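Below: final.pdb (PDB, C-alpha atoms and all ligand atoms)
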```pdb
ATOM      1  CA  MET A  41       0.000   0.000   0.000  1.00  0.00           C
ATOM      2  CA  GLN A  42       1.287   3.408  -0.869  1.00  0.00           C
ATOM      3  CA  ILE A  43       1.382   6.267   1.613  1.00  0.00           C
ATOM      4  CA  GLU A  44      -1.155   8.336  -0.351  1.00  0.00           C
ATOM      5  CA  SER A  45      -3.743   5.561  -0.442  1.00  0.00           C
ATOM      6  CA  ILE A  46      -3.208   4.841   3.279  1.00  0.00           C
ATOM      7  CA  LYS A  47      -3.822   8.521   4.009  1.00  0.00           C
ATOM      8  CA  ARG A  48      -6.990   8.487   1.902  1.00  0.00           C
ATOM      9  CA  ILE A  49      -8.357   5.293   3.460  1.00  0.00           C
ATOM     10  CA  TYR A  50      -7.781   6.443   7.049  1.00  0.00           C
ATOM     11  CA  ALA A  51      -9.104   9.939   6.342  1.00  0.00           C
ATOM     12  CA  ASN A  52     -12.368   8.213   5.421  1.00  0.00           C
ATOM     13  CA  TYR A  53     -12.231   5.819   8.403  1.00  0.00           C
ATOM     14  CA  SER A  54     -11.693   8.657  10.844  1.00  0.00           C
ATOM     15  CA  TYR A  55     -15.427   9.512  10.979  1.00  0.00           C
ATOM     16  CA  PHE A  56     -16.607   6.043  12.054  1.00  0.00           C
ATOM     17  CA  TYR A  57     -13.370   4.331  13.199  1.00  0.00           C
ATOM     18  CA  ASP A  58     -14.251   4.291  16.901  1.00  0.00           C
ATOM     19  CA  LEU A  59     -17.769   3.072  16.191  1.00  0.00           C
ATOM     20  CA  LEU A  60     -16.461   0.195  14.074  1.00  0.00           C
ATOM     21  CA  PHE A  61     -13.213  -0.844  15.762  1.00  0.00           C
ATOM     22  CA  LYS A  62     -13.286   0.257  19.407  1.00  0.00           C
ATOM     23  CA  GLN A  63     -15.060  -2.923  20.529  1.00  0.00           C
ATOM     24  CA  PHE A  64     -12.181  -5.051  19.156  1.00  0.00           C
ATOM     25  CA  PHE A  65      -9.153  -2.795  19.627  1.00  0.00           C
ATOM     26  CA  TYR A  66      -9.741  -1.005  22.926  1.00  0.00           C
ATOM     27  CA  PRO A  67      -9.773  -4.122  25.189  1.00  0.00           C
ATOM     28  CA  ARG A  68      -6.447  -5.193  23.694  1.00  0.00           C
ATOM     29  CA  GLN A  69      -4.916  -1.734  24.037  1.00  0.00           C
ATOM     30  CA  ARG A  70      -6.085  -1.542  27.657  1.00  0.00           C
ATOM     31  CA  HIS A  71      -4.644  -4.983  28.358  1.00  0.00           C
ATOM     32  CA  VAL A  72      -1.177  -4.210  26.979  1.00  0.00           C
ATOM     33  CA  ILE A  73      -0.910  -0.746  28.511  1.00  0.00           C
ATOM     34  CA  GLN A  74      -1.911  -2.054  31.928  1.00  0.00           C
ATOM     35  CA  THR A  75       0.480  -5.002  31.536  1.00  0.00           C
ATOM     36  CA  MET A  76       3.347  -2.613  30.683  1.00  0.00           C
ATOM     37  CA  LYS A  77       3.149  -1.164  34.233  1.00  0.00           C
ATOM     38  CA  ILE A  78       4.646   2.120  33.075  1.00  0.00           C
ATOM     39  CA  LYS A  79       6.693   3.786  35.808  1.00  0.00           C
ATOM     40  CA  PRO A  80       6.428   7.498  36.709  1.00  0.00           C
ATOM     41  CA  ASN A  81       8.072  10.055  34.404  1.00  0.00           C
ATOM     42  CA  ARG A  82       8.832   7.483  31.709  1.00  0.00           C
ATOM     43  CA  LYS A  83       8.538   8.432  28.029  1.00  0.00           C
ATOM     44  CA  VAL A  84       6.118   6.488  25.829  1.00  0.00           C
ATOM     45  CA  LEU A  85       5.728   6.606  22.044  1.00  0.00           C
ATOM     46  CA  ASP A  86       2.439   5.379  20.535  1.00  0.00           C
ATOM     47  CA  VAL A  87       3.172   4.787  16.844  1.00  0.00           C
ATOM     48  CA  GLY A  88       0.166   5.151  14.533  1.00  0.00           C
ATOM     49  CA  VAL A  89      -1.964   6.390  17.422  1.00  0.00           C
ATOM     50  CA  GLY A  90      -4.973   6.822  15.115  1.00  0.00           C
ATOM     51  CA  THR A  91      -8.028   8.354  16.768  1.00  0.00           C
ATOM     52  CA  GLY A  92      -6.335   8.017  20.161  1.00  0.00           C
ATOM     53  CA  LEU A  93      -8.465   5.159  21.509  1.00  0.00           C
ATOM     54  CA  SER A  94      -5.513   4.113  23.686  1.00  0.00           C
ATOM     55  CA  LEU A  95      -4.744   7.577  25.070  1.00  0.00           C
ATOM     56  CA  PRO A  96      -7.093   7.643  28.095  1.00  0.00           C
ATOM     57  CA  VAL A  97      -5.556   4.355  29.320  1.00  0.00           C
ATOM     58  CA  TYR A  98      -2.006   5.639  29.827  1.00  0.00           C
ATOM     59  CA  PRO A  99      -1.234   6.623  33.417  1.00  0.00           C
ATOM     60  CA  ARG A 100      -1.018  10.375  33.917  1.00  0.00           C
ATOM     61  CA  HIS A 101       2.383  10.007  35.571  1.00  0.00           C
ATOM     62  CA  CYS A 102       4.151   9.299  32.226  1.00  0.00           C
ATOM     63  CA  TYR A 103       4.747  11.374  29.088  1.00  0.00           C
ATOM     64  CA  VAL A 104       3.016  10.052  25.970  1.00  0.00           C
ATOM     65  CA  THR A 105       3.772  11.062  22.387  1.00  0.00           C
ATOM     66  CA  GLY A 106       1.373   9.833  19.730  1.00  0.00           C
ATOM     67  CA  ILE A 107       2.257  10.036  16.057  1.00  0.00           C
ATOM     68  CA  ASP A 108       0.213   9.279  12.966  1.00  0.00           C
ATOM     69  CA  LEU A 109       0.337   9.858   9.236  1.00  0.00           C
ATOM     70  CA  SER A 110      -3.307  10.858   8.980  1.00  0.00           C
ATOM     71  CA  THR A 111      -4.355  14.427   9.751  1.00  0.00           C
ATOM     72  CA  GLU A 112      -7.974  13.337  10.094  1.00  0.00           C
ATOM     73  CA  MET A 113      -7.254  10.441  12.510  1.00  0.00           C
ATOM     74  CA  LEU A 114      -5.105  12.808  14.583  1.00  0.00           C
ATOM     75  CA  LYS A 115      -7.925  15.342  14.652  1.00  0.00           C
ATOM     76  CA  LYS A 116     -10.067  12.750  16.468  1.00  0.00           C
ATOM     77  CA  ALA A 117      -7.147  11.990  18.816  1.00  0.00           C
ATOM     78  CA  ARG A 118      -6.807  15.726  19.584  1.00  0.00           C
ATOM     79  CA  GLN A 119     -10.495  15.854  20.486  1.00  0.00           C
ATOM     80  CA  LYS A 120      -9.899  13.055  23.032  1.00  0.00           C
ATOM     81  CA  VAL A 121      -6.876  14.869  24.473  1.00  0.00           C
ATOM     82  CA  GLU A 122      -9.108  17.901  25.044  1.00  0.00           C
ATOM     83  CA  ARG A 123     -12.163  15.989  26.228  1.00  0.00           C
ATOM     84  CA  PHE A 124     -10.230  13.950  28.792  1.00  0.00           C
ATOM     85  CA  ASN A 125      -7.795  16.763  29.609  1.00  0.00           C
ATOM     86  CA  LEU A 126      -4.786  14.590  28.799  1.00  0.00           C
ATOM     87  CA  SER A 127      -2.067  17.138  29.524  1.00  0.00           C
ATOM     88  CA  HIS A 128       0.590  14.381  29.545  1.00  0.00           C
ATOM     89  CA  VAL A 129      -0.080  13.601  25.846  1.00  0.00           C
ATOM     90  CA  THR A 130       1.536  15.239  22.797  1.00  0.00           C
ATOM     91  CA  LEU A 131       0.428  14.468  19.236  1.00  0.00           C
ATOM     92  CA  ARG A 132       2.417  14.890  16.040  1.00  0.00           C
ATOM     93  CA  GLU A 133       1.839  14.124  12.374  1.00  0.00           C
ATOM     94  CA  MET A 134       4.682  11.867  11.274  1.00  0.00           C
ATOM     95  CA  ASP A 135       5.601   8.812   9.210  1.00  0.00           C
ATOM     96  CA  ALA A 136       6.297   5.744  11.361  1.00  0.00           C
ATOM     97  CA  MET A 137       8.946   4.677   8.846  1.00  0.00           C
ATOM     98  CA  ASN A 138      10.870   7.905   9.308  1.00  0.00           C
ATOM     99  CA  LEU A 139      10.488   9.045  12.907  1.00  0.00           C
ATOM    100  CA  ASP A 140      11.580  12.567  13.706  1.00  0.00           C
ATOM    101  CA  PHE A 141      13.064  11.681  17.130  1.00  0.00           C
ATOM    102  CA  ASP A 142      16.609  11.215  18.353  1.00  0.00           C
ATOM    103  CA  ASP A 143      17.989   7.745  19.002  1.00  0.00           C
ATOM    104  CA  ASP A 144      17.287   6.309  22.483  1.00  0.00           C
ATOM    105  CA  THR A 145      14.475   8.735  23.349  1.00  0.00           C
ATOM    106  CA  PHE A 146      11.680   6.487  24.656  1.00  0.00           C
ATOM    107  CA  ASP A 147      11.342   3.933  27.462  1.00  0.00           C
ATOM    108  CA  TYR A 148       8.312   2.277  25.851  1.00  0.00           C
ATOM    109  CA  VAL A 149       7.294   2.154  22.192  1.00  0.00           C
ATOM    110  CA  ILE A 150       3.899   0.703  21.321  1.00  0.00           C
ATOM    111  CA  ALA A 151       2.169   0.041  17.996  1.00  0.00           C
ATOM    112  CA  THR A 152      -1.354  -1.361  18.001  1.00  0.00           C
ATOM    113  CA  PHE A 153      -2.838  -2.514  14.696  1.00  0.00           C
ATOM    114  CA  VAL A 154      -0.312  -0.570  12.611  1.00  0.00           C
ATOM    115  CA  VAL A 155       2.485  -2.891  11.541  1.00  0.00           C
ATOM    116  CA  SER A 156       0.407  -4.523   8.791  1.00  0.00           C
ATOM    117  CA  VAL A 157      -0.801  -1.133   7.536  1.00  0.00           C
ATOM    118  CA  VAL A 158       2.543   0.527   6.705  1.00  0.00           C
ATOM    119  CA  PRO A 159       4.214  -0.228   3.344  1.00  0.00           C
ATOM    120  CA  ASP A 160       7.468  -1.358   4.997  1.00  0.00           C
ATOM    121  CA  PRO A 161       6.961  -3.019   8.428  1.00  0.00           C
ATOM    122  CA  ILE A 162      10.670  -3.818   8.831  1.00  0.00           C
ATOM    123  CA  LYS A 163      11.615  -0.163   8.368  1.00  0.00           C
ATOM    124  CA  MET A 164       8.924   0.801  10.876  1.00  0.00           C
ATOM    125  CA  ILE A 165      10.239  -1.685  13.462  1.00  0.00           C
ATOM    126  CA  SER A 166      13.812  -0.553  12.890  1.00  0.00           C
ATOM    127  CA  GLU A 167      12.702   3.032  13.562  1.00  0.00           C
ATOM    128  CA  MET A 168      10.854   1.898  16.701  1.00  0.00           C
ATOM    129  CA  LYS A 169      14.071   0.210  17.877  1.00  0.00           C
ATOM    130  CA  ARG A 170      16.194   3.237  17.032  1.00  0.00           C
ATOM    131  CA  VAL A 171      14.110   5.716  19.052  1.00  0.00           C
ATOM    132  CA  SER A 172      13.643   3.271  21.932  1.00  0.00           C
ATOM    133  CA  LYS A 173      16.303   3.114  24.629  1.00  0.00           C
ATOM    134  CA  LYS A 174      18.516   0.038  24.818  1.00  0.00           C
ATOM    135  CA  ASN A 175      16.567  -2.603  26.756  1.00  0.00           C
ATOM    136  CA  GLY A 176      13.465  -0.431  26.417  1.00  0.00           C
ATOM    137  CA  LYS A 177      10.145  -2.189  25.936  1.00  0.00           C
ATOM    138  CA  ILE A 178       8.488  -2.454  22.545  1.00  0.00           C
ATOM    139  CA  VAL A 179       4.925  -3.711  22.314  1.00  0.00           C
ATOM    140  CA  ILE A 180       3.170  -4.737  19.115  1.00  0.00           C
ATOM    141  CA  VAL A 181      -0.470  -5.762  18.821  1.00  0.00           C
ATOM    142  CA  ASN A 182      -1.390  -7.027  15.384  1.00  0.00           C
ATOM    143  CA  HIS A 183      -2.891  -9.690  13.210  1.00  0.00           C
ATOM    144  CA  PHE A 184      -0.233 -12.067  11.894  1.00  0.00           C
ATOM    145  CA  GLN A 185      -0.480 -14.849   9.361  1.00  0.00           C
ATOM    146  CA  SER A 186      -1.751 -18.103  10.807  1.00  0.00           C
ATOM    147  CA  HIS A 187       0.542 -21.107  11.281  1.00  0.00           C
ATOM    148  CA  ASN A 188      -2.280 -23.234   9.894  1.00  0.00           C
ATOM    149  CA  LYS A 189      -1.342 -23.722   6.218  1.00  0.00           C
ATOM    150  CA  PHE A 190      -4.930 -23.650   4.984  1.00  0.00           C
ATOM    151  CA  ILE A 191      -5.808 -20.431   6.827  1.00  0.00           C
ATOM    152  CA  ALA A 192      -2.448 -18.898   5.812  1.00  0.00           C
ATOM    153  CA  LYS A 193      -3.296 -19.546   2.153  1.00  0.00           C
ATOM    154  CA  ILE A 194      -6.674 -17.843   2.554  1.00  0.00           C
ATOM    155  CA  GLU A 195      -4.943 -14.890   4.216  1.00  0.00           C
ATOM    156  CA  GLU A 196      -2.635 -14.631   1.204  1.00  0.00           C
ATOM    157  CA  TRP A 197      -5.589 -14.761  -1.194  1.00  0.00           C
ATOM    158  CA  ILE A 198      -7.566 -12.061   0.586  1.00  0.00           C
ATOM    159  CA  THR A 199      -4.606  -9.708   0.987  1.00  0.00           C
ATOM    160  CA  PRO A 200      -5.242  -7.797  -2.292  1.00  0.00           C
ATOM    161  CA  LEU A 201      -8.769  -7.155  -1.007  1.00  0.00           C
ATOM    162  CA  SER A 202      -7.770  -6.367   2.575  1.00  0.00           C
ATOM    163  CA  ARG A 203      -5.172  -3.853   1.301  1.00  0.00           C
ATOM    164  CA  LYS A 204      -8.024  -1.956  -0.322  1.00  0.00           C
ATOM    165  CA  ILE A 205      -9.657  -1.555   3.091  1.00  0.00           C
ATOM    166  CA  GLY A 206      -6.460  -0.538   4.874  1.00  0.00           C
ATOM    167  CA  TRP A 207      -4.234  -3.453   5.900  1.00  0.00           C
ATOM    168  CA  ARG A 208      -2.646  -6.695   4.746  1.00  0.00           C
ATOM    169  CA  SER A 209      -3.636 -10.080   6.182  1.00  0.00           C
ATOM    170  CA  ASP A 210      -0.538 -12.094   5.318  1.00  0.00           C
ATOM    171  CA  LEU A 211       2.197 -10.549   7.491  1.00  0.00           C
ATOM    172  CA  SER A 212       4.214 -13.320   9.112  1.00  0.00           C
ATOM    173  CA  LEU A 213       5.404 -12.758  12.683  1.00  0.00           C
ATOM    174  CA  ASP A 214       8.204 -15.301  12.198  1.00  0.00           C
ATOM    175  CA  ASP A 215       9.509 -13.407   9.136  1.00  0.00           C
ATOM    176  CA  LEU A 216       9.249 -10.099  10.966  1.00  0.00           C
ATOM    177  CA  VAL A 217      11.129 -11.424  13.999  1.00  0.00           C
ATOM    178  CA  LYS A 218      13.911 -12.679  11.733  1.00  0.00           C
ATOM    179  CA  SER A 219      14.166  -9.653   9.441  1.00  0.00           C
ATOM    180  CA  ALA A 220      13.829  -7.037  12.180  1.00  0.00           C
ATOM    181  CA  ASP A 221      15.938  -8.993  14.707  1.00  0.00           C
ATOM    182  CA  LEU A 222      13.308  -8.911  17.436  1.00  0.00           C
ATOM    183  CA  GLU A 223      13.964 -10.426  20.856  1.00  0.00           C
ATOM    184  CA  ILE A 224      10.514 -11.551  21.952  1.00  0.00           C
ATOM    185  CA  ASP A 225       9.774 -11.756  25.681  1.00  0.00           C
ATOM    186  CA  ASN A 226       6.230 -12.924  25.284  1.00  0.00           C
ATOM    187  CA  SER A 227       3.773 -13.464  22.440  1.00  0.00           C
ATOM    188  CA  TYR A 228       0.189 -14.578  22.961  1.00  0.00           C
ATOM    189  CA  LYS A 229      -3.452 -14.054  22.110  1.00  0.00           C
ATOM    190  CA  LEU A 230      -5.959 -12.691  24.605  1.00  0.00           C
ATOM    191  CA  LYS A 231      -8.451 -15.403  23.737  1.00  0.00           C
ATOM    192  CA  LYS A 232      -7.963 -18.999  22.634  1.00  0.00           C
ATOM    193  CA  ILE A 233      -9.274 -18.111  19.189  1.00  0.00           C
ATOM    194  CA  ASP A 234      -8.350 -14.550  18.364  1.00  0.00           C
ATOM    195  CA  LEU A 235      -7.326 -12.613  15.271  1.00  0.00           C
ATOM    196  CA  TRP A 236      -4.670 -10.568  17.069  1.00  0.00           C
ATOM    197  CA  ASN A 237      -1.356 -11.280  18.756  1.00  0.00           C
ATOM    198  CA  VAL A 238       0.120  -9.342  21.642  1.00  0.00           C
ATOM    199  CA  VAL A 239       3.914  -9.245  21.352  1.00  0.00           C
ATOM    200  CA  PHE A 240       6.254  -7.917  24.051  1.00  0.00           C
ATOM    201  CA  VAL A 241       9.817  -7.246  22.949  1.00  0.00           C
ATOM    202  CA  THR A 242      12.967  -6.041  24.717  1.00  0.00           C
ATOM    203  CA  ASN A 243      15.002  -3.703  22.547  1.00  0.00           C
ATOM    204  CA  ASN A 244      18.171  -5.683  22.036  1.00  0.00           C
ATOM    205  CA  LYS A 245      20.099  -3.076  20.063  1.00  0.00           C
ATOM    206  CA  SER A 246      23.819  -3.185  20.590  1.00  0.00           C
ATOM    207  CA  ASN A 247      24.546   0.467  21.428  1.00  0.00           C
TER     208      ASN A 247
HETATM  209  C1  LIG A 301      -5.766   0.360  12.096  1.00  0.00           C
HETATM  210  S1  LIG A 301      -5.306   1.975  12.553  1.00  0.00           S
HETATM  211  C2  LIG A 301      -4.721   1.739  14.240  1.00  0.00           C
HETATM  212  C3  LIG A 301      -4.816   3.011  15.044  1.00  0.00           C
HETATM  213  C4  LIG A 301      -4.538   2.861  16.535  1.00  0.00           C
HETATM  214  N1  LIG A 301      -3.187   2.406  16.779  1.00  0.00           N
HETATM  215  C5  LIG A 301      -5.523   1.923  17.172  1.00  0.00           C
HETATM  216  O1  LIG A 301      -5.103   0.883  17.706  1.00  0.00           O
HETATM  217  O2  LIG A 301      -6.726   2.230  17.159  1.00  0.00           O
HETATM  218  C6  LIG A 301      -3.796   2.223  11.671  1.00  0.00           C
HETATM  219  C7  LIG A 301      -3.239   3.613  11.869  1.00  0.00           C
HETATM  220  O3  LIG A 301      -1.921   3.656  11.343  1.00  0.00           O
HETATM  221  C8  LIG A 301      -1.744   4.908  10.707  1.00  0.00           C
HETATM  222  N2  LIG A 301      -0.627   4.795   9.757  1.00  0.00           N
HETATM  223  C9  LIG A 301      -0.587   4.093   8.619  1.00  0.00           C
HETATM  224  N3  LIG A 301       0.617   4.220   8.038  1.00  0.00           N
HETATM  225  C10 LIG A 301       1.348   5.024   8.831  1.00  0.00           C
HETATM  226  C11 LIG A 301       2.666   5.540   8.768  1.00  0.00           C
HETATM  227  N4  LIG A 301       3.479   5.235   7.746  1.00  0.00           N
HETATM  228  N5  LIG A 301       3.088   6.343   9.746  1.00  0.00           N
HETATM  229  C12 LIG A 301       2.273   6.660  10.789  1.00  0.00           C
HETATM  230  N6  LIG A 301       1.010   6.204  10.904  1.00  0.00           N
HETATM  231  C13 LIG A 301       0.550   5.399   9.941  1.00  0.00           C
HETATM  232  C14 LIG A 301      -3.091   5.168  10.063  1.00  0.00           C
HETATM  233  O4  LIG A 301      -3.251   6.531   9.713  1.00  0.00           O
HETATM  234  C15 LIG A 301      -4.034   4.706  11.153  1.00  0.00           C
HETATM  235  O5  LIG A 301      -4.332   5.745  12.038  1.00  0.00           O
END
```

Can the structure in the file be given as structure tokens, please?
Ligand SMILES: C[S@@+](CC[C@H](N)C(=O)[O-])C[C@H]1O[C@@H](n2cnc3c(N)ncnc32)[C@H](O)[C@@H]1O
Amino acid sequence: MQIESIKRIYANYSYFYDLLFKQFFYPRQRHVIQTMKIKPNRKVLDVGVGTGLSLPVYPRHCYVTGIDLSTEMLKKARQKVERFNLSHVTLREMDAMNLDFDDDTFDYVIATFVVSVVPDPIKMISEMKRVSKKNGKIVIVNHFQSHNKFIAKIEEWITPLSRKIGWRSDLSLDDLVKSADLEIDNSYKLKKIDLWNVVFVTNNKSN
């Protein structure tokens, strides 16, 4: 998917995104953010923050930066910042594959339902690692290709269609782990049968 079509798709989603996706995404965001047990004064980056569904969950004792490519999605996130008076949250329009932050800036970097949306997930993860401190925590929540060969094939077939509605269905976690050199602490699903994985990673960069 090209950046321009992603922008167009999510500009359209922005009006009814919460109505459509909150029921699926919010419980998973709440779970991971609570599990992260973020300590006071720590810096958090929420990559592809979208309409800011996750923002009210972050503890007020940390500093949260949310970035997104879509002006319209960010507009909805800004409304939440105002409505909930989230003075610990900053929002910026930015490409996840080219983050405008110094190396080693954040203690926690989180991306929920984004890694299969961007054109180059490996570049996005390498940027997440770069801006995260060494041994910082990276959390990814996403749909990954099934290990069941039959389902995996279907996911490959429907990917041209799913791209048209904003994401790909055939992203392999195993390939991503290998290509992006991810050191996984924990990877699981919230329910026995679930479309989404929760992946906790320690940033293993060498310097
Ligand atoms: C499925 S939504 C997920 C939003 C939010 N993380 C959530 O869990 O509700 C995907 C988001 O990724 C954003 N996005 C897509 N490509 C991006 C990029 N290259 N850089 C930053 N954000 C991007 C979209 O604009 C959209 O807001």

- Query: Using all atoms listed in the file, what are the residues with an atom within 7 Å of ligand LIG 301 (chain A), set out as a ChimeraX atom specification?
  - Reply: /A:43,46-47,50,65,69,87-94,107-110,113,134-137,151-154,157-158

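Proximity ranking of A:Ile78, A:Val241, A:Ile198, A:Ile191 relative to Val97 of chain A places A:Ile78 first, based on only C-alpha atoms.
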
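Comparing the minimum interatomic distances between Tyr53 of chain A and each of A:Val129, A:Ile205, A:Ile150, A:Ile162, counting all atoms listed in the file, we find that A:Ile205 sits nearest.
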
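In this comparison, which uses all atoms listed in the file, the residue of A:Ser166, A:Thr130, A:Asn182, A:Ser202 approaching Gly106 of chain A most closely is A:Thr130.
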
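Here atom CA of Pro200 of chain A and atom CA of Phe240 of chain A stand 28.7 Å from one another.
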
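Our summary of the geometry notes that atom CA of Pro96 of chain A is positioned 9.3 Å from atom CA of Asn125 of chain A.
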
- List the neighbours of Ser156 of chain A out to 12 Å using all atoms listed in the file; skip same-chain residues closer than 3 positions along the sequence, and give me the result as a ChimeraX atom specification. /A:41,46,88,151-153,159-162,164-165,180-185,199,202-203,205-213,216,236

Near His101 of chain A, counting only C-alpha atoms, which residues have an atom at most 12 Å away, once you skip same-chain residues fewer than 6 positions from it, shown as a PDB file with C-alpha atoms, in the frame of the given file?
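Writing the result to selection-v4.pdb gives the following:
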```
ATOM      1  CA  LYS A  77       3.149  -1.164  34.233  1.00  0.00           C
ATOM      2  CA  ILE A  78       4.646   2.120  33.075  1.00  0.00           C
ATOM      3  CA  LYS A  79       6.693   3.786  35.808  1.00  0.00           C
ATOM      4  CA  PRO A  80       6.428   7.498  36.709  1.00  0.00           C
ATOM      5  CA  ASN A  81       8.072  10.055  34.404  1.00  0.00           C
ATOM      6  CA  ARG A  82       8.832   7.483  31.709  1.00  0.00           C
ATOM      7  CA  LYS A  83       8.538   8.432  28.029  1.00  0.00           C
ATOM      8  CA  VAL A  84       6.118   6.488  25.829  1.00  0.00           C
ATOM      9  CA  LEU A 126      -4.786  14.590  28.799  1.00  0.00           C
ATOM     10  CA  SER A 127      -2.067  17.138  29.524  1.00  0.00           C
ATOM     11  CA  HIS A 128       0.590  14.381  29.545  1.00  0.00           C
ATOM     12  CA  VAL A 129      -0.080  13.601  25.846  1.00  0.00           C
TER      13      VAL A 129
END
```
